[in-house]
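Source file protein30.txt; content: compact mmCIF, C-alpha atoms and all ligand atoms.
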# COMPACT_ATOMS: atom_id res chain seq x y z
CA MET A 15 -17.92 74.00 -10.06
CA HIS A 16 -20.36 73.89 -7.17
CA ASN A 17 -18.66 72.84 -3.99
CA GLU A 18 -21.56 70.73 -2.88
CA VAL A 19 -21.30 68.72 -6.07
CA ILE A 20 -17.62 68.04 -5.53
CA ALA A 21 -18.22 67.05 -1.96
CA HIS A 22 -21.02 64.79 -3.08
CA ILE A 23 -18.91 63.04 -5.70
CA LYS A 24 -16.15 62.46 -3.19
CA SER A 25 -18.47 61.08 -0.54
CA ARG A 26 -20.28 58.76 -2.93
CA LYS A 27 -17.16 57.66 -4.75
CA SER A 28 -17.48 53.89 -4.35
CA GLU A 29 -21.20 53.77 -5.23
CA LEU A 30 -20.71 56.02 -8.22
CA ILE A 31 -17.76 54.10 -9.52
CA GLU A 32 -19.58 50.78 -9.36
CA LYS A 33 -22.59 52.12 -11.22
CA TRP A 34 -20.33 53.78 -13.70
CA ILE A 35 -18.38 50.61 -14.46
CA ASP A 36 -21.67 48.79 -15.07
CA ARG A 37 -22.82 51.43 -17.51
CA VAL A 38 -19.50 51.65 -19.30
CA LYS A 39 -19.38 47.90 -19.69
CA GLU A 40 -22.65 47.84 -21.58
CA ASP A 41 -20.84 49.83 -24.23
CA ALA A 42 -17.56 47.99 -24.29
CA ASP A 43 -17.48 45.59 -27.19
CA GLU A 44 -16.00 42.14 -26.78
CA ARG A 45 -12.72 43.23 -28.22
CA MET A 46 -12.02 45.48 -25.24
CA VAL A 47 -13.25 43.20 -22.51
CA ASN A 48 -11.55 40.16 -23.95
CA VAL A 49 -8.12 41.64 -24.37
CA VAL A 50 -7.86 42.81 -20.78
CA SER A 51 -8.66 40.98 -17.60
CA GLU A 52 -11.54 42.02 -15.36
CA GLN A 53 -8.92 43.32 -12.94
CA VAL A 54 -7.29 45.58 -15.48
CA PHE A 55 -10.69 46.84 -16.60
CA GLN A 56 -11.69 47.70 -13.02
CA GLY A 57 -8.30 49.16 -12.21
CA THR A 58 -8.30 51.35 -15.29
CA SER A 59 -11.79 52.57 -14.52
CA TYR A 60 -10.76 53.53 -10.98
CA GLU A 61 -7.76 55.32 -12.36
CA PHE A 62 -9.96 57.23 -14.77
CA PHE A 63 -12.30 58.18 -11.96
CA ASP A 64 -9.43 59.46 -9.81
CA LEU A 65 -8.18 61.41 -12.78
CA ILE A 66 -11.52 63.11 -13.17
CA LEU A 67 -11.45 64.09 -9.49
CA LEU A 68 -7.86 65.22 -9.72
CA SER A 69 -8.79 67.57 -12.54
CA LEU A 70 -10.75 69.50 -9.91
CA SER A 71 -7.78 70.06 -7.69
CA GLU A 72 -5.25 72.81 -8.00
CA LYS A 73 -2.24 70.60 -8.62
CA ASP A 74 -2.13 71.20 -12.30
CA HIS A 75 1.26 69.66 -12.91
CA GLU A 76 0.51 66.35 -11.25
CA TYR A 77 -2.76 66.16 -13.13
CA LYS A 78 -1.11 66.73 -16.49
CA ASN A 79 1.41 64.00 -15.80
CA LYS A 80 -1.24 61.53 -14.76
CA LEU A 81 -3.38 62.38 -17.74
CA GLN A 82 -0.45 61.69 -20.04
CA MET A 83 0.27 58.36 -18.38
CA PHE A 84 -3.35 57.38 -18.46
CA SER A 85 -3.72 58.18 -22.14
CA GLU A 86 -0.65 56.16 -22.99
CA LYS A 87 -2.00 53.22 -21.07
CA VAL A 88 -5.35 53.38 -22.83
CA VAL A 89 -3.63 53.48 -26.21
CA ARG A 90 -1.59 50.45 -25.28
CA LEU A 91 -4.66 48.58 -24.10
CA GLY A 92 -6.07 49.24 -27.54
CA TRP A 93 -9.21 50.95 -26.33
CA PRO A 94 -10.82 53.18 -28.90
CA ILE A 95 -10.97 56.87 -28.10
CA THR A 96 -14.74 56.90 -28.59
CA PHE A 97 -15.04 54.49 -25.69
CA VAL A 98 -13.10 56.79 -23.38
CA VAL A 99 -14.99 59.90 -24.43
CA SER A 100 -18.38 58.26 -24.10
CA GLY A 101 -17.25 57.04 -20.67
CA LEU A 102 -16.77 60.65 -19.71
CA ARG A 103 -20.25 61.58 -20.94
CA LYS A 104 -21.70 58.69 -18.98
CA PHE A 105 -19.94 60.00 -15.92
CA ILE A 106 -21.64 63.37 -16.30
CA HIS A 107 -25.07 61.81 -16.59
CA LEU A 108 -24.42 59.46 -13.73
CA VAL A 109 -23.37 62.24 -11.37
CA HIS A 110 -26.31 64.30 -12.50
CA ASP A 111 -28.82 61.50 -11.86
CA ASP A 112 -27.25 60.76 -8.52
CA LEU A 113 -27.39 64.39 -7.42
CA ILE A 114 -31.12 64.39 -8.01
CA GLU A 115 -31.79 60.95 -6.57
CA GLN A 116 -29.93 61.85 -3.39
CA GLY A 117 -31.73 65.15 -3.15
CA VAL A 118 -28.62 67.33 -3.32
CA VAL A 119 -30.06 69.24 -6.22
CA SER A 120 -33.69 70.12 -6.71
CA LYS A 121 -35.53 69.34 -9.92
CA GLU A 122 -35.87 73.05 -10.69
CA ARG A 123 -32.16 73.75 -10.76
CA GLU A 124 -31.11 70.57 -12.55
CA GLY A 125 -30.40 72.28 -15.87
CA GLU A 126 -27.99 74.67 -14.25
CA TYR A 127 -26.05 71.83 -12.63
CA LEU A 128 -25.91 69.77 -15.76
CA GLU A 129 -24.45 72.73 -17.55
CA SER A 130 -21.72 73.34 -15.03
CA LEU A 131 -20.83 69.64 -14.95
CA ASP A 132 -20.49 69.85 -18.68
CA GLU A 133 -18.31 72.93 -18.47
CA TRP A 134 -16.07 71.20 -16.01
CA LEU A 135 -15.57 68.09 -18.08
CA ALA A 136 -15.36 69.58 -21.58
CA PRO A 137 -11.70 70.65 -21.21
CA LEU A 138 -10.87 67.28 -19.70
CA SER A 139 -12.38 65.53 -22.67
CA ASN A 140 -10.49 67.78 -25.09
CA GLU A 141 -7.29 67.13 -23.28
CA ILE A 142 -7.79 63.38 -23.36
CA ILE A 143 -8.44 63.47 -27.09
CA HIS A 144 -5.37 65.60 -27.59
CA THR A 145 -3.10 63.43 -25.47
CA TYR A 146 -4.56 60.31 -27.00
CA ALA A 147 -3.85 61.59 -30.49
CA SER A 148 -0.27 62.60 -29.74
CA THR A 149 0.43 59.33 -27.91
CA TRP A 150 -0.91 57.53 -30.92
CA GLU A 151 1.24 59.56 -33.27
CA LYS A 152 4.27 58.82 -31.15
CA THR A 153 3.50 55.09 -31.23
CA VAL A 154 3.08 55.13 -34.98
CA SER A 155 6.34 56.96 -35.58
CA LEU A 156 8.21 54.59 -33.27
CA GLN A 157 6.78 51.66 -35.16
CA LYS A 158 7.79 53.29 -38.40
CA ILE A 159 11.38 53.54 -37.20
CA ALA A 160 11.30 49.93 -36.04
CA LEU A 161 9.94 48.87 -39.41
CA GLN A 162 12.59 50.83 -41.27
CA GLU A 163 15.30 49.07 -39.33
CA LEU A 164 13.84 45.75 -40.32
CA SER A 165 12.99 46.65 -43.87
CA ALA A 166 16.18 46.11 -45.84
CA PRO A 167 18.97 44.45 -43.87
CA LEU A 168 22.12 43.39 -45.67
CA ILE A 169 23.63 40.34 -44.00
CA PRO A 170 27.27 39.31 -44.62
CA VAL A 171 26.71 35.53 -44.48
CA VAL A 172 30.16 34.40 -45.48
CA GLU A 173 33.23 36.26 -46.65
CA HIS A 174 32.55 38.15 -49.91
CA ILE A 175 28.89 37.12 -50.00
CA SER A 176 26.05 39.19 -48.59
CA ILE A 177 22.31 38.58 -48.64
CA MET A 178 19.44 41.04 -48.53
CA PRO A 179 16.23 39.20 -47.69
CA LEU A 180 13.19 41.30 -48.58
CA VAL A 181 9.92 40.51 -46.88
CA GLY A 182 6.70 42.41 -47.53
CA THR A 183 5.55 45.24 -49.74
CA ILE A 184 8.09 47.55 -51.33
CA ASP A 185 7.05 51.19 -51.43
CA THR A 186 9.09 54.18 -52.56
CA GLU A 187 10.54 54.79 -49.10
CA ARG A 188 11.65 51.21 -48.78
CA ALA A 189 13.09 51.15 -52.28
CA ARG A 190 15.28 54.08 -51.24
CA LEU A 191 16.46 52.19 -48.14
CA ILE A 192 17.24 49.08 -50.19
CA MET A 193 19.49 51.10 -52.45
CA GLU A 194 21.20 52.87 -49.55
CA ASN A 195 21.81 49.77 -47.46
CA LEU A 196 23.01 47.81 -50.47
CA LEU A 197 25.63 50.35 -51.44
CA ASP A 198 26.81 51.00 -47.88
CA GLY A 199 26.89 47.31 -47.07
CA VAL A 200 28.67 46.17 -50.21
CA VAL A 201 31.47 48.59 -49.50
CA SER A 202 31.78 47.97 -45.77
CA HIS A 203 31.45 44.18 -46.02
CA ARG A 204 33.72 44.03 -49.05
CA ALA A 205 31.13 41.91 -50.76
CA GLU A 206 31.80 40.48 -54.19
CA VAL A 207 28.40 38.94 -54.67
CA VAL A 208 25.11 40.22 -53.30
CA LEU A 209 21.97 38.10 -53.27
CA ILE A 210 18.66 39.94 -53.21
CA ASP A 211 16.08 37.46 -51.99
CA ILE A 212 12.52 38.30 -53.04
CA THR A 213 10.85 35.15 -51.72
CA GLY A 214 8.85 37.27 -49.28
CA VAL A 215 7.78 40.02 -51.67
CA PRO A 216 4.10 39.44 -52.45
CA VAL A 217 3.87 41.40 -55.71
CA VAL A 218 6.63 42.16 -58.18
CA ASP A 219 5.28 44.86 -60.47
CA THR A 220 7.21 47.13 -62.82
CA MET A 221 8.03 49.57 -60.01
CA VAL A 222 9.62 46.89 -57.85
CA ALA A 223 11.43 45.46 -60.87
CA HIS A 224 12.67 48.92 -61.80
CA HIS A 225 14.07 49.52 -58.33
CA VAL A 226 15.74 46.13 -58.20
CA ILE A 227 17.31 46.66 -61.63
CA GLN A 228 18.60 50.09 -60.57
CA ALA A 229 19.98 48.66 -57.34
CA ALA A 230 21.77 45.89 -59.23
CA GLU A 231 23.30 48.40 -61.63
CA ALA A 232 24.51 50.50 -58.72
CA VAL A 233 26.02 47.46 -57.04
CA HIS A 234 27.79 46.69 -60.27
CA LEU A 235 29.26 50.20 -60.31
CA VAL A 236 30.86 49.69 -56.91
CA GLY A 237 32.48 46.52 -58.18
CA ALA A 238 30.22 43.70 -56.99
CA ARG A 239 27.78 41.39 -58.71
CA CYS A 240 24.11 41.15 -57.90
CA MET A 241 21.92 38.06 -58.00
CA LEU A 242 18.15 37.95 -57.82
CA VAL A 243 17.02 34.89 -55.91
CA GLY A 244 13.78 33.47 -54.58
CA ILE A 245 11.75 34.06 -57.73
CA ARG A 246 8.61 32.00 -57.16
CA PRO A 247 7.16 30.32 -60.29
CA GLU A 248 4.11 32.61 -60.43
CA ILE A 249 6.32 35.67 -60.08
CA ALA A 250 8.55 34.42 -62.91
CA GLN A 251 5.41 34.16 -65.08
CA THR A 252 4.18 37.68 -64.33
CA ILE A 253 7.65 39.14 -64.91
CA VAL A 254 7.65 37.53 -68.35
CA ASN A 255 4.12 38.83 -69.03
CA LEU A 256 5.19 42.33 -68.06
CA GLY A 257 7.96 42.05 -70.61
CA ILE A 258 10.67 42.83 -68.10
CA ASP A 259 14.11 41.74 -69.18
CA LEU A 260 16.14 40.18 -66.39
CA ASN A 261 18.75 38.74 -68.69
CA LYS A 262 21.41 41.00 -67.28
CA PHE A 263 20.82 39.33 -63.94
CA ILE A 264 21.75 35.99 -62.59
CA THR A 265 18.47 34.68 -61.24
CA THR A 266 17.58 31.58 -59.27
CA SER A 267 14.33 30.20 -57.95
CA THR A 268 15.57 29.59 -54.42
CA LEU A 269 17.99 31.19 -52.01
CA ARG A 270 19.81 27.87 -51.67
CA LYS A 271 20.59 27.62 -55.36
CA GLY A 272 21.67 31.23 -55.31
CA MET A 273 24.04 30.57 -52.44
CA GLU A 274 25.62 27.64 -54.25
CA LYS A 275 26.10 29.77 -57.32
CA ALA A 276 27.58 32.64 -55.34
CA LEU A 277 30.12 30.30 -53.78
CA GLU A 278 30.99 29.01 -57.21
CA MET A 279 31.47 32.57 -58.46
CA THR A 280 33.92 33.22 -55.63
CA ASN A 281 35.74 29.92 -56.31
CA ARG A 282 34.42 28.02 -53.32
CA LYS A 283 31.99 25.22 -52.64
CA ILE A 284 30.37 23.38 -49.79
CA VAL A 285 31.79 19.90 -49.14
CA GLU A 286 30.55 17.17 -46.84
CA LEU A 287 33.11 15.87 -44.43
CA GLU A 288 33.66 12.17 -44.28
CA GLY A 289 34.15 10.20 -41.13
CA VAL A 290 32.13 12.48 -38.93
CA ASN A 291 29.30 10.84 -36.87
CA MET B 21 -24.82 39.66 -62.44
CA GLU B 22 -22.19 41.96 -61.00
CA ILE B 23 -20.98 42.64 -57.50
CA GLN B 24 -18.56 45.49 -57.23
CA SER B 25 -16.22 46.69 -54.54
CA CYS B 26 -13.90 49.67 -54.74
CA VAL B 27 -10.85 51.23 -53.16
CA THR B 28 -10.18 54.96 -53.37
CA ILE B 29 -6.59 55.58 -54.39
CA LEU B 30 -4.98 58.54 -52.65
CA ASN B 31 -1.65 57.32 -51.34
CA GLU B 32 0.79 54.46 -51.82
CA TRP B 33 -0.83 52.29 -49.18
CA ASP B 34 -4.15 52.39 -50.99
CA ILE B 35 -2.40 50.52 -53.79
CA VAL B 36 -1.70 47.73 -51.30
CA ALA B 37 -5.35 47.78 -50.19
CA ALA B 38 -6.52 47.52 -53.82
CA ARG B 39 -4.21 44.56 -54.43
CA GLN B 40 -5.46 42.86 -51.30
CA LEU B 41 -9.06 43.30 -52.42
CA GLY B 42 -8.24 41.88 -55.84
CA ARG B 43 -6.38 38.93 -54.42
CA ASN B 44 -9.25 38.06 -52.09
CA VAL B 45 -11.84 38.19 -54.86
CA ALA B 46 -9.59 36.20 -57.21
CA LYS B 47 -9.15 33.51 -54.57
CA GLU B 48 -12.86 33.43 -53.89
CA LEU B 49 -13.67 32.99 -57.57
CA GLY B 50 -11.28 30.06 -57.76
CA PHE B 51 -8.35 31.51 -59.70
CA GLY B 52 -5.07 29.61 -59.34
CA THR B 53 -1.83 30.97 -57.91
CA VAL B 54 -0.43 32.17 -61.23
CA ASP B 55 -3.61 33.99 -62.23
CA GLN B 56 -3.89 35.48 -58.75
CA ALA B 57 -0.37 36.87 -59.20
CA ARG B 58 -1.28 38.20 -62.67
CA ILE B 59 -4.41 39.89 -61.38
CA THR B 60 -2.74 41.50 -58.34
CA THR B 61 0.16 42.68 -60.47
CA ALA B 62 -2.23 44.24 -63.01
CA ILE B 63 -4.10 45.98 -60.17
CA SER B 64 -0.80 47.22 -58.79
CA GLU B 65 0.14 48.75 -62.16
CA LEU B 66 -3.19 50.47 -62.71
CA ALA B 67 -3.51 51.73 -59.13
CA ARG B 68 0.03 53.07 -59.17
CA ASN B 69 -0.61 54.87 -62.45
CA ILE B 70 -3.61 56.58 -60.83
CA TYR B 71 -1.47 57.55 -57.84
CA LEU B 72 1.40 58.78 -60.00
CA TYR B 73 -0.32 60.47 -62.91
CA ALA B 74 -3.82 61.40 -61.77
CA GLY B 75 -3.24 61.96 -58.04
CA GLN B 76 -6.45 60.24 -57.10
CA GLY B 77 -9.09 57.90 -58.41
CA GLN B 78 -10.94 54.65 -57.89
CA LEU B 79 -10.00 51.06 -58.39
CA CYS B 80 -12.92 48.67 -58.48
CA ILE B 81 -13.20 44.91 -58.76
CA ASP B 82 -16.17 43.33 -60.51
CA ARG B 83 -17.19 39.71 -60.25
CA LEU B 84 -18.56 38.67 -63.60
CA ASN B 85 -20.87 35.86 -64.50
CA GLU B 86 -21.72 35.91 -68.18
CA GLN B 87 -23.15 32.94 -70.09
CA GLY B 88 -21.82 30.51 -67.56
CA LYS B 89 -18.39 32.10 -67.58
CA THR B 90 -16.86 33.45 -64.40
CA GLY B 91 -14.53 36.40 -64.52
CA LEU B 92 -12.89 39.20 -62.64
CA ARG B 93 -12.82 42.71 -64.03
CA ILE B 94 -10.51 45.47 -62.84
CA ILE B 95 -11.84 48.98 -63.38
CA ALA B 96 -9.45 51.89 -62.87
CA ILE B 97 -11.04 55.32 -63.16
CA ASP B 98 -9.61 58.76 -62.57
CA GLU B 99 -10.33 62.33 -63.49
CA GLY B 100 -6.69 63.21 -64.01
CA PRO B 101 -4.93 64.73 -67.02
CA GLY B 102 -5.87 61.90 -69.37
CA ILE B 103 -3.68 60.28 -71.99
CA PRO B 104 -3.12 62.24 -75.23
CA ASP B 105 -1.78 59.39 -77.34
CA ILE B 106 -3.11 55.99 -76.37
CA ARG B 107 -1.21 54.14 -79.07
CA LYS B 108 2.04 55.47 -77.68
CA VAL B 109 1.47 54.50 -74.02
CA MET B 110 0.62 50.97 -75.17
CA GLU B 111 4.11 50.60 -76.62
CA ASP B 112 6.66 48.80 -74.46
CA GLY B 113 9.08 51.21 -72.89
CA PHE B 114 7.14 54.44 -73.21
CA SER B 115 7.15 56.41 -69.98
CA THR B 116 6.79 60.08 -69.11
CA SER B 117 8.12 59.53 -65.58
CA GLY B 118 11.39 57.71 -66.18
CA GLY B 119 9.71 54.40 -65.34
CA LEU B 120 10.07 51.15 -67.24
CA GLY B 121 7.04 51.96 -69.38
CA ALA B 122 5.96 48.35 -69.13
CA GLY B 123 2.85 48.89 -67.00
CA LEU B 124 0.04 49.34 -69.51
CA PRO B 125 1.34 46.96 -72.19
CA GLY B 126 2.07 44.54 -69.36
CA VAL B 127 -1.48 44.71 -68.00
CA ARG B 128 -2.81 43.96 -71.47
CA ARG B 129 -0.68 40.80 -71.59
CA LEU B 130 -1.45 39.80 -68.01
CA MET B 131 -5.21 39.95 -68.55
CA ASP B 132 -7.56 38.47 -71.22
CA ASP B 133 -9.52 41.57 -72.27
CA PHE B 134 -8.22 45.09 -72.07
CA ASN B 135 -9.88 48.38 -72.84
CA ILE B 136 -8.67 51.92 -72.36
CA ASP B 137 -10.70 55.06 -72.73
CA SER B 138 -9.08 58.42 -72.10
CA ASN B 139 -9.56 62.03 -73.03
CA PRO B 140 -7.04 64.77 -72.26
CA GLY B 141 -8.37 66.99 -69.51
CA GLU B 142 -11.16 64.59 -68.59
CA GLY B 143 -9.49 61.51 -67.19
CA THR B 144 -8.89 57.87 -67.85
CA ASP B 145 -11.02 54.75 -67.66
CA ILE B 146 -9.25 51.42 -67.97
CA ARG B 147 -10.96 48.02 -67.79
CA ALA B 148 -9.26 44.66 -67.84
CA THR B 149 -10.82 41.24 -67.42
CA LYS B 150 -9.52 37.81 -66.58
CA TRP B 151 -11.72 34.78 -67.24
CA LEU B 152 -11.68 31.65 -65.18
CA ARG B 153 -10.74 28.60 -67.20
N1 LIG A 301 -4.13 57.14 -65.27
C1 LIG A 301 -3.28 57.80 -66.07
N2 LIG A 301 -3.46 59.13 -66.32
C2 LIG A 301 -2.62 59.81 -67.12
N3 LIG A 301 -1.55 59.28 -67.73
C3 LIG A 301 -1.30 57.97 -67.55
C4 LIG A 301 -2.14 57.16 -66.72
N4 LIG A 301 -1.66 55.91 -66.72
C5 LIG A 301 -0.57 55.93 -67.52
N5 LIG A 301 -0.33 57.16 -68.02
C6 LIG A 301 0.74 57.54 -68.96
O1 LIG A 301 1.16 56.39 -69.64
C7 LIG A 301 2.56 56.22 -69.51
C8 LIG A 301 2.91 54.74 -69.51
O2 LIG A 301 2.40 54.10 -68.36
P1 LIG A 301 2.98 52.72 -67.89
O3 LIG A 301 2.91 51.78 -69.05
O4 LIG A 301 2.29 52.31 -66.65
O5 LIG A 301 4.52 53.00 -67.63
P2 LIG A 301 5.22 53.88 -66.48
O6 LIG A 301 4.22 54.03 -65.37
O7 LIG A 301 6.41 53.10 -66.11
O8 LIG A 301 5.56 55.20 -67.10
C9 LIG A 301 2.94 56.94 -68.24
O9 LIG A 301 4.28 57.33 -68.23
C10 LIG A 301 1.95 58.10 -68.27
O10 LIG A 301 2.45 59.15 -69.03
MG MG A 302 2.95 52.55 -64.59
Would it be possible to restate this file's structure as structure tokens?
Amino acid sequence: MHNEVIAHIKSRKSELIEKWIDRVKEDADERMVNVVSEQVFQGTSYEFFDLILLSLSEKDHEYKNKLQMFSEKVVRLGWPITFVVSGLRKFIHLVHDDLIEQGVVSKEREGEYLESLDEWLAPLSNEIIHTYASTWEKTVSLQKIALQELSAPLIPVVEHISIMPLVGTIDTERARLIMENLLDGVVSHRAEVVLIDITGVPVVDTMVAHHVIQAAEAVHLVGARCMLVGIRPEIAQTIVNLGIDLNKFITTSTLRKGMEKALEMTNRKIVELEGVN
Amino acid sequence: MEIQSCVTILNEWDIVAARQLGRNVAKELGFGTVDQARITTAISELARNIYLYAGQGQLCIDRLNEQGKTGLRIIAIDEGPGIPDIRKVMEDGFSTSGGLGAGLPGVRRLMDDFNIDSNPGEGTDIRATKWLR
């Protein structure tokens, strides 16, 4: 990189950054500007600018760290990668225009300068894309773990009765977790009755039904009984249309009815106390 | 008059996208809760069959308006292995994958019209329609 260019960028930092923010903003759609405050937008732009300058210096380690942190921040702000990359391109053109306007570079040699600016920033852009992608992957896999933890909890509500509330779509992975957690939980909670609550499952097709039936049979094998609760009227209809036989199951339309039945099956019931209040 | 929208089925989450599309169109056309559930379940069955047996394919939703009747048609097309014996797969309980074998016969009962066209080695084309009453 030409030393005079670096010196020029450093000396004109505040003018350049202001112009740059204006140009970048033209491109930012409402989504980006609305989710972050003006302050964050400005601050992030300054940070990006410093990062570009830092990439020129020798301190490779520090730069790598900062780049990583910056990428993570941008991912968290929810800015699209295209926005960041086009910001970098705008920076090149801005510096180039400024070099000519300020007379640092003559018209004749402008091509040469543009090329070396490009050469300087191409690796930076690659690195940002790379870091961005891996940060994104990391975020996704963390979310996946978080989702898995939430996806099939078995809750020991009262002695001998456990409930598994299912909310959302059931895919193969989740079906596997349901089975695992059911069997582990039934044994460790010493459950006699398990209620699988499907109130929150949007679609009960033959795959979901198949998995639930298999889970119930497995629960039966470890010595407990399984109840299918929270069958909404429209789901009951489609199950009948599909020709799925749930006769082996105890089924109820609501969790509450299921709970009452489960208590009954374990020789208990809920009573109201007199004389209180 | 037909307006069609499609989802390419490649992985399990595309099945969810196809169902979502179907549910939105069904709602828009004025289908009630029970029919919405029937339609999304039928889509789920057909899309999953594509995913399981053909690997990839398309699931499209047509809005129909014929002689004053409004309807929704599900079209599931793939270029997979095809079905050698259609009569057999329409029987309750027939499955080559250890499934319940209730998908195709179930879709026929969930919907009003059902048509299946399949040739071994060429693929499968299944159409099912629900009419608004
Ligand atoms: N798109 C398809 N391509 C090839 N074979 C299919 C397709 N759809 C269904 N089949 C065959 O039909 C059988 C029955 O399907 P279905 O009724 O959905 O039950 P299941 O999926 O539980 O096996 C499947 O086991 C499979 O052999
Ligand atoms: Mg099937």
Answer as a list in words, residues within 9 Å of (-3.2, 56.8, -72.5) using all atoms listed in the file: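 Residues satisfying the cut-off, written out: Gly102, Ile103, Pro104, Asp105, Ile106, Arg107, Lys108, Val109, Met110, Leu124, Ile136, Asp137, Ser138, Asn139, Pro140 and Thr144 of chain B.
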Check: which chain B residues lie within 10 Å of chain A using only C-alpha atoms, as an MDAnalysis selection string: chainID B and resid 32:33 35:36 39 52:65 68 112:113 118:131
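In this structure, atom CA of A:Val89 sits 10.3 Å away from atom CA of A:Ser148.
When all atoms listed in the file are used to compute distances to ligand MG 302 (chain A), the closest of the residues A:Leu269, A:Val222, A:Val98, A:Val38 turns out to be A:Val222.
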What separates atom CA of B:Arg43 and atom CA of B:Ala96 is a distance of 15.8 Å
Counting only C-alpha atoms and all ligand atoms, which residue out of B:Cys26, B:Ala148, B:Ala37, B:Ile97 sits closest to ligand LIG 301 (chain A)? B:Ile97
Expressed in Å, the length from atom CA of B:Tyr73 to atom N2 of ligand LIG 301 (chain A) is 4.8 Å
Skipping near chain neighbours, those fewer than 3 positions away, what residues fall within 7 Å of stretch 80-93 of chain B using all atoms listed in the file, listed as number ranges by chain? B: 21-27, 42, 96, 147-152
Let me have the centre and edge lengths in Å, one decimal, of the box along x, y and z around every listed atom of ligand LIG 301 (chain A) with 3 Å of margin on each side, as lines of an AutoDock Vina configuration file.
center_x = 1.1
center_y = 55.8
center_z = -67.5
size_x = 16.5
size_y = 14.0
size_z = 10.4
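Among B:Ile95, B:Ser115, B:Gly75, B:Ala46, the residue with the shortest atom-to-atom distance to ligand MG 302 (chain A), counting all atoms listed in the file, is B:Ser115.
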Taking (34.5, 35.2, -55.5) as a centre in this file's frame and 10 Å as the limit, can you find every polymer residue with an atom that close, using only C-alpha atoms, and give them as a CSV table (one decimal) with C-alpha atoms, in the coordinates of the input?
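What landed in selection-v9.csv:
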chain,number,residue,atom,x,y,z
A,173,GLU,CA,33.2,36.3,-46.6
A,174,HIS,CA,32.6,38.2,-49.9
A,175,ILE,CA,28.9,37.1,-50.0
A,205,ALA,CA,31.1,41.9,-50.8
A,206,GLU,CA,31.8,40.5,-54.2
A,207,VAL,CA,28.4,38.9,-54.7
A,238,ALA,CA,30.2,43.7,-57.0
A,239,ARG,CA,27.8,41.4,-58.7
A,276,ALA,CA,27.6,32.6,-55.3
A,277,LEU,CA,30.1,30.3,-53.8
A,278,GLU,CA,31.0,29.0,-57.2
A,279,MET,CA,31.5,32.6,-58.5
A,280,THR,CA,33.9,33.2,-55.6
A,281,ASN,CA,35.7,29.9,-56.3
A,282,ARG,CA,34.4,28.0,-53.3
